Amino acid sequence: MIRLGRVDYLNVLPIYYAFESGAVPLTADFVRGVPAFLNEKFLTGELDITPISSIAYAGQPQAGWVLPDVSISADGRVASILLFIRRPVRELSGETLAVTTSSATSVALLKVLLKRHYGIRCALSPQPPDLTSMLADHPAALLIGDDALRAAEALRQGGLGRLGLHDVIDLGLVWKEMTGLPMVYALWAIRHDYVKRQVGEIDRVAEAFRQARNWSDKNLQEVLVEARRRYEFPIELLQDYFQTIRYDLDNLYQHAAETFFAEAAKVGVLPGPVRLRVWGQDEG
């Protein structure tokens with residue numbers, strides 16, 4: 001049975017609920033976790049296919065391919081990759097910023113934006129994703145996923161005022177301003193050794209993901225009801241978020257991912273630019 005990763009975040013619910021509800025059949029052993037956990041499991045051979053931080057894929061592209069037609073992306077605002085700052089961002093030069101341990105792509109994106117967009121250098125200190133403790137000793141903190149959504153919602157409800165925040169920066173918006181492109185945060189990676197064992201299964205899995213995307217688009221109200229049942233978020237936040245997150249991996253989004261890899265190489269996160277190997281396009 002295929003060992004399939006499942007990010008433990010709201011952003012993949014529209015796809016995975018199609019599988020979990022039985023609307024789209026896919027027999028698999030689902031392994032749940034935050035992106036960093038799934039990255040490690042995939043790279044050590046404990047997962048066959050998984051959503052993986054795009055920068056983690058770029059760090060070892062020889063490990064395999066990526067599924068076609070699916071990613072976790074946003075074209076501008078992403079709402080769940082947020083830098084909480086206690087003073088203007090350009091005043092952070094030389095400071096140490098707290099960053100979540102939950103994601104590799106978002107930390108790499110922050111490094112790119114600090115140097116390439118804002119023209120400043122900062123040290124980054126990995127911390128458990130708790131905004132209050134992160135800001136206790138740091139002038140800024142990066143949160144992602146559900147942690148970022150919860151913190152932003154608490155701010156909207158008037159909480160967290162004691163933190164003395166100056167602003168909250170959506171990194172997707174800054175990337176769009178800098179490049180004019182969407183941002184690809186995660187890809188579904190296929191291990192090279194799984195392809196050798198089960199090459200005939202890849203097209204079946206890819207088609208299941210296409211069907212799941214289509215099903216969730218047509219049944220968004222059902223997905224929203226399930227999301228409201230599982231998560232303590234207002235329905236308005238859920239509606240907005242599901243309209244914000246994209247799952248595309250067409251030519252534009254492939255170009256956007258490769259642009260991110262090139263920018264990451266410029267700031268030393270990667271040894272050089274990386275080209276995506278998309279199943280169905282690059283099977284050699």
# chains A, B, ... in the order shown; residues from 1 in each chain; ligands from 1
call {"tool": "residues_around", "arguments": {"residues": "range 25-36 of chain A", "least_positions_apart": "4", "cutoff": "7 Å", "atoms": "only C-alpha atoms", "output": "PyMOL selection string"}}
result
chain A and resi 1-8+19+40+52-53+102-104+208
call {"tool": "residues_around", "arguments": {"residues": "Leu124 in chain A", "least_positions_apart": "3", "cutoff": "9 Å", "atoms": "only C-alpha atoms", "output": "VMD selection string"}}
result
chain A and resid 95 to 99 107 111
call {"tool": "write_last_selection", "arguments": {"atoms": "C-alpha atoms", "output": "short mmCIF file (atom, residue, chain, number, x, y, z; two decimals), in the first residue's frame"}}
result
data_model
loop_
_atom_site.label_atom_id
_atom_site.label_comp_id
_atom_site.auth_asym_id
_atom_site.auth_seq_id
_atom_site.Cartn_x
_atom_site.Cartn_y
_atom_site.Cartn_z
CA GLU A 95 18.55 41.50 14.73
CA THR A 96 17.70 37.86 15.44
CA LEU A 97 14.18 36.88 14.38
CA ALA A 98 12.23 33.90 15.71
CA VAL A 99 11.06 31.46 13.03
CA VAL A 107 11.95 30.25 6.40
CA LYS A 111 15.59 34.85 3.95
#
call {"tool": "closest_residue", "arguments": {"among": "A:Arg197, A:Ile235, A:Gln243, A:Leu82", "to": "Ser216 in chain A", "atoms": "only C-alpha atoms"}}
result
A:Gln243
call {"tool": "residues_around", "arguments": {"residues": "Ala58 in chain A", "least_positions_apart": "5", "cutoff": "8 Å", "atoms": "only C-alpha atoms", "output": "number ranges by chain"}}
result
A: 261, 270, 274, 276
call {"tool": "write_last_selection", "arguments": {"atoms": "N, CA, C and O atoms", "output": "PDB file, in the first residue's frame"}}
result
ATOM      1  N   PHE A 261      13.372  29.014  -6.463  1.00  0.00           N
ATOM      2  CA  PHE A 261      14.607  28.267  -6.268  1.00  0.00           C
ATOM      3  C   PHE A 261      15.818  29.109  -6.690  1.00  0.00           C
ATOM      4  O   PHE A 261      16.857  29.090  -6.020  1.00  0.00           O
ATOM      5  N   LEU A 270      20.206  27.496  -1.415  1.00  0.00           N
ATOM      6  CA  LEU A 270      20.456  26.373  -2.310  1.00  0.00           C
ATOM      7  C   LEU A 270      21.806  26.574  -2.995  1.00  0.00           C
ATOM      8  O   LEU A 270      22.233  27.712  -3.198  1.00  0.00           O
ATOM      9  N   VAL A 274      17.328  25.245  -9.502  1.00  0.00           N
ATOM     10  CA  VAL A 274      16.816  23.875  -9.628  1.00  0.00           C
ATOM     11  C   VAL A 274      15.629  23.888 -10.592  1.00  0.00           C
ATOM     12  O   VAL A 274      14.780  24.781 -10.530  1.00  0.00           O
ATOM     13  N   LEU A 276      12.224  21.878 -11.843  1.00  0.00           N
ATOM     14  CA  LEU A 276      11.263  20.865 -11.417  1.00  0.00           C
ATOM     15  C   LEU A 276      11.292  19.656 -12.346  1.00  0.00           C
ATOM     16  O   LEU A 276      11.441  19.801 -13.556  1.00  0.00           O
TER      17      LEU A 276
END
call {"tool": "residues_around", "arguments": {"residues": "Val89 in chain A", "least_positions_apart": "2", "cutoff": "9 Å", "atoms": "only C-alpha atoms", "output": "JSON, numbers by chain"}}
result
{"A": [85, 86, 87, 91, 92, 93, 114, 118, 120, 140, 167]}
call {"tool": "select_by_dssp", "arguments": {"residues": "range 27-168 of chain A", "states": "strand (DSSP E or B)", "output": "PyMOL selection string"}}
result
chain A and resi 29-33+49-53+64-74+81-85+96-100+123-127+140-144+167-168
call {"tool": "atom_distance", "arguments": {"atom1": "CA of Leu171 in chain A", "atom2": "CA of Ala79 in chain A"}}
result
8.7 Å
call {"tool": "closest_residue", "arguments": {"among": "A:Ile55, A:Arg191, A:Leu173, A:Pro88", "to": "Pro139 in chain A", "atoms": "only C-alpha atoms"}}
result
A:Pro88
